[in-house]
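Structure file structure06.txt (compact mmCIF, C-alpha atoms) follows.
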```txt
# COMPACT_ATOMS: atom_id res chain seq x y z
CA MET A 1 117.88 92.51 125.02
CA GLU A 2 114.62 92.39 126.84
CA ASP A 3 111.41 93.03 125.00
CA ALA A 4 110.25 96.64 125.09
CA PRO A 5 107.71 98.49 123.02
CA ARG A 6 109.57 100.67 120.53
CA PRO A 7 107.41 100.37 117.39
CA GLY A 8 109.05 100.84 114.02
CA ARG A 9 112.66 100.66 115.23
CA GLY A 10 113.18 96.93 115.49
CA TRP A 11 114.78 96.66 112.05
CA ARG A 12 117.64 98.88 113.26
CA ARG A 13 118.32 96.54 116.14
CA ALA A 14 118.22 93.53 113.82
CA ALA A 15 120.58 95.29 111.40
CA GLY A 16 122.95 96.06 114.25
CA LEU A 17 122.94 92.43 115.40
CA LEU A 18 123.55 91.26 111.84
CA LEU A 19 126.51 93.60 111.59
CA VAL A 20 127.94 92.43 114.92
CA GLY A 21 127.54 88.77 113.96
CA SER A 22 129.20 89.36 110.60
CA ILE A 23 132.16 91.12 112.23
CA LEU A 24 132.65 88.41 114.83
CA GLY A 25 131.49 85.43 112.84
CA VAL A 26 133.74 82.41 112.42
CA SER A 27 130.75 80.49 111.08
CA SER A 28 128.01 81.11 108.54
CA MET A 29 125.67 83.81 109.86
CA ALA A 30 123.25 82.94 107.07
CA SER A 31 122.71 79.38 108.30
CA MET A 32 122.57 80.42 111.97
CA ILE A 33 119.75 82.83 111.11
CA ALA A 34 117.95 80.65 108.57
CA VAL A 35 117.74 77.41 110.59
CA PRO A 36 116.27 78.96 113.78
CA PHE A 37 113.82 80.98 111.66
CA ILE A 38 112.66 77.78 109.94
CA ALA A 39 112.30 76.00 113.30
CA LEU A 40 110.29 78.88 114.76
CA SER A 41 108.00 79.04 111.73
CA VAL A 42 107.39 75.29 111.58
CA ILE A 43 106.96 74.64 115.32
CA LEU A 44 105.41 77.89 116.56
CA GLY A 45 103.48 78.50 113.36
CA ALA A 46 103.64 81.09 110.58
CA ARG A 47 100.45 81.60 108.58
CA ARG A 48 101.10 85.07 107.19
CA LEU A 49 102.16 85.15 103.55
CA GLY A 50 105.34 87.11 104.24
CA ALA A 51 106.45 84.63 106.90
CA LEU A 52 105.77 81.68 104.60
CA VAL A 53 107.76 83.26 101.76
CA VAL A 54 110.72 84.03 104.02
CA THR A 55 110.57 80.51 105.46
CA GLY A 56 110.91 79.14 101.93
CA LEU A 57 113.86 81.45 101.25
CA ALA A 58 115.42 80.43 104.57
CA MET A 59 115.26 76.78 103.50
CA VAL A 60 117.13 77.66 100.33
CA VAL A 61 119.76 79.53 102.36
CA ALA A 62 120.11 76.70 104.88
CA LEU A 63 120.73 74.16 102.11
CA ALA A 64 122.89 76.43 99.94
CA GLY A 65 126.29 75.03 99.08
CA TRP A 66 125.30 71.46 99.92
CA SER A 67 128.46 69.38 99.68
CA GLY A 68 130.54 66.82 101.47
CA ASP A 69 132.60 69.61 103.02
CA ALA A 70 133.02 68.98 106.78
CA ILE A 71 132.72 72.68 107.67
CA TRP A 72 129.35 72.89 105.90
CA HIS A 73 127.98 70.01 107.98
CA LEU A 74 129.48 71.35 111.20
CA GLU A 75 127.89 74.76 110.64
CA ARG A 76 124.46 73.29 109.95
CA GLY A 77 124.76 70.88 112.86
CA TRP A 78 125.53 73.75 115.23
CA ALA A 79 122.62 75.77 113.80
CA VAL A 80 120.20 72.85 114.27
CA LEU A 81 121.23 72.35 117.91
CA LEU A 82 121.00 76.09 118.53
CA ALA A 83 117.55 76.29 116.95
CA GLY A 84 116.32 73.27 118.88
CA TRP A 85 117.37 74.74 122.22
CA PHE A 86 115.92 78.15 121.46
CA VAL A 87 112.55 76.84 120.28
CA ALA A 88 112.30 74.43 123.23
CA LEU A 89 113.05 77.23 125.70
CA THR A 90 110.57 79.51 123.96
CA LEU A 91 107.85 76.88 124.21
CA ARG A 92 108.64 76.24 127.88
CA TRP A 93 109.07 79.86 128.99
CA PRO A 94 107.37 82.09 126.39
CA ALA A 95 107.17 85.06 128.76
CA VAL A 96 110.91 85.13 129.48
CA GLY A 97 112.82 87.88 127.64
CA PHE A 98 114.64 87.12 124.42
CA PHE A 99 118.20 87.44 125.67
CA SER A 100 117.75 85.04 128.59
CA ARG A 101 116.37 82.38 126.24
CA ALA A 102 119.06 83.00 123.62
CA LEU A 103 121.90 82.85 126.15
CA ALA A 104 120.50 79.63 127.62
CA ALA A 105 120.23 78.19 124.09
CA VAL A 106 123.86 79.01 123.31
CA LEU A 107 125.09 77.55 126.61
CA GLY A 108 122.93 74.46 126.11
CA THR A 109 124.38 73.95 122.63
CA PHE A 110 127.89 74.29 123.98
CA ALA A 111 127.07 71.75 126.70
CA ILE A 112 126.00 69.15 124.13
CA VAL A 113 129.09 69.81 122.00
CA VAL A 114 131.42 69.54 125.01
CA VAL A 115 129.88 66.21 126.05
CA PHE A 116 130.26 64.92 122.49
CA PHE A 117 133.92 65.92 122.26
CA GLU A 118 134.65 64.54 125.73
CA ALA A 119 133.32 61.19 124.52
CA GLN A 120 135.34 61.43 121.29
CA PRO A 121 138.29 63.76 121.99
CA GLY A 122 139.98 63.10 118.66
CA ASN A 123 137.11 64.85 116.87
CA TRP A 124 137.82 68.12 118.69
CA ALA A 125 141.39 68.22 117.36
CA TYR A 126 140.04 67.72 113.84
CA VAL A 127 137.39 70.44 114.20
CA ASP A 128 139.94 72.81 115.73
CA TRP A 129 142.26 72.19 112.79
CA LEU A 130 139.46 72.72 110.25
CA VAL A 131 138.39 76.03 111.78
CA THR A 132 141.98 77.24 112.12
CA GLN A 133 142.69 76.43 108.48
CA ARG A 134 139.58 78.33 107.44
CA ILE A 135 140.55 81.37 109.51
CA MET A 136 144.11 81.35 108.16
CA SER A 137 142.76 81.09 104.61
CA GLY A 138 140.69 84.16 105.36
CA ALA A 139 143.85 85.90 106.60
CA ASP A 140 145.59 84.97 103.33
CA ALA A 141 142.72 86.50 101.37
CA THR A 142 142.78 89.65 103.52
CA VAL A 143 146.53 90.14 103.03
CA SER A 144 146.18 89.57 99.28
CA ALA A 145 143.30 92.09 99.11
CA MET A 146 145.31 94.70 101.06
CA ALA A 147 148.28 94.17 98.76
CA GLY A 148 146.04 94.57 95.71
CA MET A 149 144.59 97.81 97.08
CA ALA A 150 148.07 99.14 97.79
CA ARG A 151 149.15 98.42 94.23
CA LEU A 152 145.95 99.84 92.77
CA PHE A 153 146.09 103.17 94.58
CA GLY A 154 149.85 103.49 95.00
CA ASP A 155 153.05 102.12 93.55
CA PRO A 156 152.33 99.08 91.31
CA GLU A 157 155.46 97.50 92.76
CA ALA A 158 154.57 98.37 96.38
CA GLN A 159 154.75 95.65 99.02
CA LEU A 160 152.91 95.50 102.31
CA SER A 161 155.02 96.13 105.37
CA GLY A 162 156.13 93.07 107.27
CA ARG A 163 154.57 94.44 110.45
CA LEU A 164 151.15 94.72 108.80
CA VAL A 165 151.32 91.19 107.40
CA THR A 166 152.54 89.78 110.71
CA GLY A 167 149.75 91.61 112.56
CA ALA A 168 147.11 90.17 110.24
CA TYR A 169 148.31 86.62 110.82
CA GLN A 170 148.68 87.13 114.57
CA ALA A 171 145.11 88.42 114.72
CA ALA A 172 143.95 85.35 112.77
CA GLU A 173 145.83 83.08 115.18
CA GLN A 174 144.16 84.72 118.18
CA GLN A 175 140.79 84.46 116.46
CA GLY A 176 141.42 80.75 116.02
CA ARG A 177 142.14 80.28 119.73
CA ALA A 178 138.99 82.18 120.68
CA PHE A 179 136.69 80.87 117.98
CA PRO A 180 134.28 79.10 120.42
CA ALA A 181 133.68 82.43 122.18
CA LEU A 182 133.26 84.28 118.89
CA LEU A 183 130.90 81.54 117.71
CA GLY A 184 128.84 81.97 120.87
CA LEU A 185 128.60 85.74 120.46
CA SER A 186 127.69 85.52 116.78
CA SER A 187 125.10 82.83 117.64
CA LEU A 188 123.42 85.25 120.05
CA ALA A 189 123.34 87.87 117.31
CA ALA A 190 121.96 85.38 114.77
CA LEU A 191 119.20 84.28 117.16
CA GLY A 192 118.29 87.93 117.67
CA VAL A 193 117.88 88.47 113.94
CA ALA A 194 115.91 85.23 113.52
CA TRP A 195 113.62 85.99 116.46
CA TRP A 196 113.00 89.57 115.35
CA GLY A 197 112.22 88.35 111.83
CA TYR A 198 109.82 85.69 113.08
CA VAL A 199 107.96 88.05 115.45
CA ARG A 200 107.81 90.75 112.78
CA LEU A 201 106.61 88.53 109.94
CA ALA A 202 104.52 85.92 111.78
CA LEU A 203 103.05 88.08 114.54
CA GLY A 204 103.18 91.50 112.91
CA ASN A 205 105.00 93.50 115.58
CA ASP A 206 108.48 94.84 116.35
CA LYS A 207 108.73 93.58 119.93
CA GLY A 208 111.14 90.71 119.26
CA ILE A 209 114.22 92.50 120.58
CA GLY A 210 114.27 95.56 122.78
CA PRO A 211 116.41 98.71 122.51
CA LEU A 212 120.14 98.59 123.12
CA ARG A 213 119.84 101.14 125.94
CA ASP A 214 117.96 98.56 128.05
CA PHE A 215 120.39 95.67 127.48
CA ARG A 216 121.38 93.86 130.67
CA PHE A 217 121.65 90.30 131.94
CA ASN A 218 121.85 88.36 135.19
CA ASP A 219 124.41 89.97 137.49
CA HIS A 220 125.49 86.60 138.88
CA LEU A 221 127.16 85.80 135.55
CA VAL A 222 130.02 88.02 136.68
CA TRP A 223 131.28 85.06 138.72
CA LEU A 224 131.71 83.09 135.51
CA PHE A 225 133.92 85.91 134.22
CA ILE A 226 135.88 86.09 137.49
CA GLY A 227 136.28 82.31 137.61
CA ALA A 228 137.76 82.31 134.12
CA LEU A 229 140.23 85.03 135.12
CA VAL A 230 141.27 82.92 138.13
CA VAL A 231 141.82 79.89 135.87
CA LEU A 232 144.03 81.98 133.58
CA GLY A 233 145.94 83.35 136.55
CA LEU A 234 146.64 79.88 137.95
CA GLY A 235 147.96 78.59 134.62
CA SER A 236 146.19 75.23 134.91
CA GLY A 237 147.37 73.73 131.62
CA GLU A 238 146.63 74.19 127.93
CA GLY A 239 143.04 72.90 127.99
CA ALA A 240 142.01 74.95 131.03
CA GLU A 241 143.80 78.02 129.68
CA ARG A 242 142.01 77.72 126.34
CA ALA A 243 138.67 77.36 128.11
CA GLY A 244 139.45 80.35 130.34
CA ILE A 245 140.39 82.53 127.37
CA ASN A 246 137.14 81.70 125.61
CA VAL A 247 135.00 82.39 128.66
CA VAL A 248 136.76 85.73 129.17
CA VAL A 249 136.27 86.70 125.52
CA PHE A 250 132.62 85.63 125.52
CA MET A 251 131.69 87.36 128.75
CA GLY A 252 133.94 90.31 127.90
CA GLY A 253 131.95 90.80 124.69
CA LEU A 254 128.69 90.76 126.62
CA TYR A 255 129.99 93.22 129.21
CA ALA A 256 131.34 95.50 126.48
CA LEU A 257 127.88 95.53 124.89
CA ARG A 258 126.36 96.25 128.30
CA GLY A 259 128.80 99.12 128.68
CA VAL A 260 127.75 100.53 125.31
CA ALA A 261 124.12 100.21 126.45
CA VAL A 262 124.90 102.28 129.55
CA VAL A 263 126.58 104.98 127.44
CA VAL A 264 123.63 105.05 125.03
CA PHE A 265 121.21 105.32 127.97
CA LEU A 266 123.14 108.19 129.55
CA SER A 267 123.47 110.01 126.22
CA GLY A 268 119.73 109.83 125.63
CA GLY A 269 119.75 107.63 122.55
CA LEU A 270 121.69 106.77 119.43
CA SER A 271 120.96 107.11 115.73
CA LEU A 272 121.49 104.20 113.33
CA MET A 273 124.67 105.77 111.96
CA GLY A 274 125.88 106.47 115.48
CA PHE A 275 125.21 102.86 116.44
CA ILE A 276 127.24 101.61 113.46
CA LEU A 277 130.13 103.93 114.33
CA VAL A 278 130.07 102.72 117.95
CA LEU A 279 130.19 99.11 116.80
CA PHE A 280 133.11 99.72 114.50
CA GLY A 281 134.83 101.68 117.25
CA VAL A 282 134.39 98.96 119.87
CA PHE A 283 135.25 95.97 117.70
CA LEU A 284 137.71 97.32 115.12
CA LEU A 285 139.60 100.21 116.71
CA PRO A 286 142.25 99.94 119.46
CA PRO A 287 141.41 97.54 122.31
CA LEU A 288 141.29 100.48 124.72
CA LEU A 289 137.74 101.32 123.59
CA PHE A 290 136.65 97.72 123.99
CA LEU A 291 138.21 97.53 127.46
CA GLY A 292 136.60 100.83 128.44
CA ALA A 293 133.15 99.59 127.41
CA MET A 294 133.77 96.31 129.24
CA VAL A 295 134.76 98.12 132.45
CA ILE A 296 131.59 100.22 132.28
CA GLY A 297 129.53 97.06 131.76
CA LEU A 298 131.21 95.31 134.69
CA GLY A 299 130.68 98.39 136.86
CA ASP A 300 127.01 98.40 135.98
CA THR A 301 126.77 94.92 137.53
CA TRP A 302 127.38 96.36 140.98
CA LEU A 303 126.36 100.00 140.58
CA ASP A 304 123.25 99.58 138.38
CA LEU A 305 123.97 102.97 136.85
CA ARG A 306 120.77 103.26 134.82
CA SER A 307 118.50 102.60 137.79
CA ARG A 308 120.41 105.18 139.83
CA VAL A 309 119.99 107.80 137.10
CA GLU A 310 116.28 107.00 136.73
CA ALA A 311 115.79 107.30 140.50
CA LEU A 312 117.67 110.61 140.54
CA VAL A 313 115.55 112.00 137.71
CA ALA A 314 112.35 110.81 139.40
CA ASN A 315 113.38 112.50 142.65
CA LYS A 316 114.06 115.76 140.85
CA LYS A 317 110.68 115.62 139.12
CA GLY A 318 108.97 114.81 142.40
CA ARG A 319 110.50 117.89 143.96
CA GLY A 320 109.41 120.04 141.06
CA GLY A 321 112.94 120.51 139.79
```
Could I get this structure in the form of structure tokens?
Amino acid sequence: MEDAPRPGRGWRRAAGLLLVGSILGVSSMASMIAVPFIALSVILGARRLGALVVTGLAMVVALAGWSGDAIWHLERGWAVLLAGWFVALTLRWPAVGFFSRALAAVLGTFAIVVVFFEAQPGNWAYVDWLVTQRIMSGADATVSAMAGMARLFGDPEAQLSGRLVTGAYQAAEQQGRAFPALLGLSSLAALGVAWWGYVRLALGNDKGIGPLRDFRFNDHLVWLFIGALVVLGLGSGEGAERAGINVVVFMGGLYALRGVAVVVFLSGGLSLMGFILVLFGVFLLPPLLFLGAMVIGLGDTWLDLRSRVEALVANKKGRGG
């Protein structure tokens, strides 16, 4: 989301990103926010009292749960790479908008991880297994919670339907296959929260992330999306298919958000509650809404709907109508 002056509303955008990251997250949002915030404060500087206090709290969050658990170290390792890329890109191109730097940081982090796993392929199988086990454990907890709620508010002997249980585990399985894409999307959201927090506390303004209605990105990225669809269509083997699925999910999420931005622009704005309802609608309700938003976002790549509307309005004003 490119920087734009909308004083006093930045916290809503940060809250929305936090919500999105929490919904999508297959990793710790807390560490992915805390580590980049610490890196920004230490390298770019943070002399205001509020920024220093939050930096201290972020250190506590980043180190929370210190253990020999492999997932803990993997999460912090990813967050450190992500923070390093983002800070380096910010130092090199400080005038470039937030989203461009954040997307480049996520892609750069993925590039390092891919090279590492290509050099040691056995480690990828282990990481994949760890993440899948964690996601399936979460599915177990979700099914148990739903069963508890059913017994609490209904028949104490009630059992969840087999279809509901099967659906929960199928969704967890699909989440496991697409976890790199979901990790990438939640990383973008976490960087947005960290950057907004740093700019707000260290620099004293709300210009870290711009309004949703202005969200867009490089149109040439559509070829990455199309290329992934071609790979899936050709059926080039398990590894290529997995990569294609993740690229489609990642870019599909970005295009769905771009589609929501177009709708918000055309509707003239969105309240905080409306924004939350849209998010829940896109990510939690039937896939039709998500696909609809994605189609609008893809269409905006070629049609540039917002610029057309702005030009039309300007023409009408110029003619006195």
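The coordinates place CA of Ala172 (chain A) at 17.0 Å from CA of Ser28 (chain A).
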inquiry  = List as a PyMOL selection string the protein and nucleic acid residues near Ala256 (chain A), meaning an atom at most 7 Å away when all atoms listed in the file are counted, but skip any in the same chain fewer than 2 places from it.
reply    = chain A and resi 252-254+258-260+290+293-294+297
request  = Write out as a ChimeraX atom specification the residues lying within 12 Å of Ala240 (chain A), counting all atoms listed in the file and excluding same-chain residues fewer than 4 positions away.
outcome  = /A:227-236,244-247
note = Using only C-alpha atoms, the best pick from A:Ala15, A:Ala202, A:Leu212, A:Leu224 as closest to Ala243 (chain A) would be A:Leu224
remark   = CA of Ile226 (chain A) sits from CA of Leu183 (chain A) at a separation of 20.9 Å
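For the set A:Tyr169, A:Trp66, A:Trp124, A:Trp78, the residue with the smallest atom-to-atom gap to Met29 (chain A) is A:Trp78, counting only C-alpha atoms.
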ask   = So what do you get for CA of Gly97 (chain A) versus CA of Trp195 (chain A), distance-wise?
value = 11.4 Å
query = Using all atoms listed in the file, can you list as an NGL selection string the residues within 12 Å of (109.2, 83.0, 103.5)?
reply = :A and (34 or 37-38 or 41-42 or 46-61 or 197-198 or 201-202)
Would you write out, as a Markdown table, a table of all residues in region 12-48 of chain A that have an atom no more than 9 Å from an atom of region 85-89 of chain A, listing for each the closest atom pair and the distance in Å to one decimal, considering all atoms listed in the file and ordering rows by chain and rising residue number?
```
| residue | atom | partner | partner_atom | distance |
| --- | --- | --- | --- | --- |
| A:Pro36 | CA | A:Phe86 | CA | 7.7 |
| A:Ala39 | CA | A:Val87 | CA | 7.0 |
| A:Leu40 | CA | A:Val87 | CA | 6.3 |
| A:Ile43 | CA | A:Val87 | CA | 7.8 |
| A:Leu44 | CA | A:Val87 | CA | 8.1 |
```
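Distances here use only C-alpha atoms; by that measure, the residue among A:Leu107, A:Met32, A:Val115, A:Leu24 closest to Ser187 (chain A) is A:Met32.
Each of A:Gly176, A:Gly237, A:Gly192, A:Gly184 was compared to Leu18 (chain A) using only C-alpha atoms, and A:Gly192 turns out to be the nearest.
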Please return region 60-76 of chain A, rebuilt to N, CA and C atoms, as a compact mmCIF listing (two decimals), in the frame of the given file.
```
# COMPACT_ATOMS: atom_id res chain seq x y z
N VAL A 60 116.15 77.61 101.41
CA VAL A 60 117.13 77.66 100.33
C VAL A 60 118.50 78.06 100.89
N VAL A 61 118.51 79.06 101.76
CA VAL A 61 119.76 79.53 102.36
C VAL A 61 120.40 78.43 103.20
N ALA A 62 119.58 77.73 103.99
CA ALA A 62 120.11 76.70 104.88
C ALA A 62 120.74 75.56 104.10
N LEU A 63 120.21 75.28 102.91
CA LEU A 63 120.73 74.16 102.11
C LEU A 63 121.74 74.60 101.07
N ALA A 64 121.98 75.90 100.97
CA ALA A 64 122.89 76.43 99.94
C ALA A 64 124.29 75.86 100.13
N GLY A 65 124.92 75.54 99.03
CA GLY A 65 126.29 75.03 99.08
C GLY A 65 126.40 73.60 99.57
N TRP A 66 125.29 72.85 99.45
CA TRP A 66 125.30 71.46 99.92
C TRP A 66 126.48 70.71 99.30
N SER A 67 127.30 70.12 100.16
CA SER A 67 128.46 69.38 99.68
C SER A 67 128.92 68.43 100.78
N GLY A 68 129.98 67.72 100.48
CA GLY A 68 130.54 66.82 101.47
C GLY A 68 131.55 67.52 102.37
N ASP A 69 131.66 68.84 102.24
CA ASP A 69 132.60 69.61 103.02
C ASP A 69 132.26 69.51 104.51
N ALA A 70 133.27 69.18 105.35
CA ALA A 70 133.02 68.98 106.78
C ALA A 70 132.55 70.25 107.45
N ILE A 71 133.11 71.40 107.07
CA ILE A 71 132.72 72.68 107.67
C ILE A 71 131.25 72.95 107.43
N TRP A 72 130.76 72.66 106.23
CA TRP A 72 129.35 72.89 105.90
C TRP A 72 128.47 72.11 106.87
N HIS A 73 128.80 70.84 107.09
CA HIS A 73 127.98 70.01 107.98
C HIS A 73 128.11 70.46 109.44
N LEU A 74 129.30 70.87 109.83
CA LEU A 74 129.48 71.35 111.20
C LEU A 74 128.65 72.61 111.46
N GLU A 75 128.66 73.53 110.49
CA GLU A 75 127.89 74.76 110.64
C GLU A 75 126.40 74.47 110.76
N ARG A 76 125.90 73.60 109.89
CA ARG A 76 124.46 73.29 109.95
C ARG A 76 124.12 72.50 111.19
```
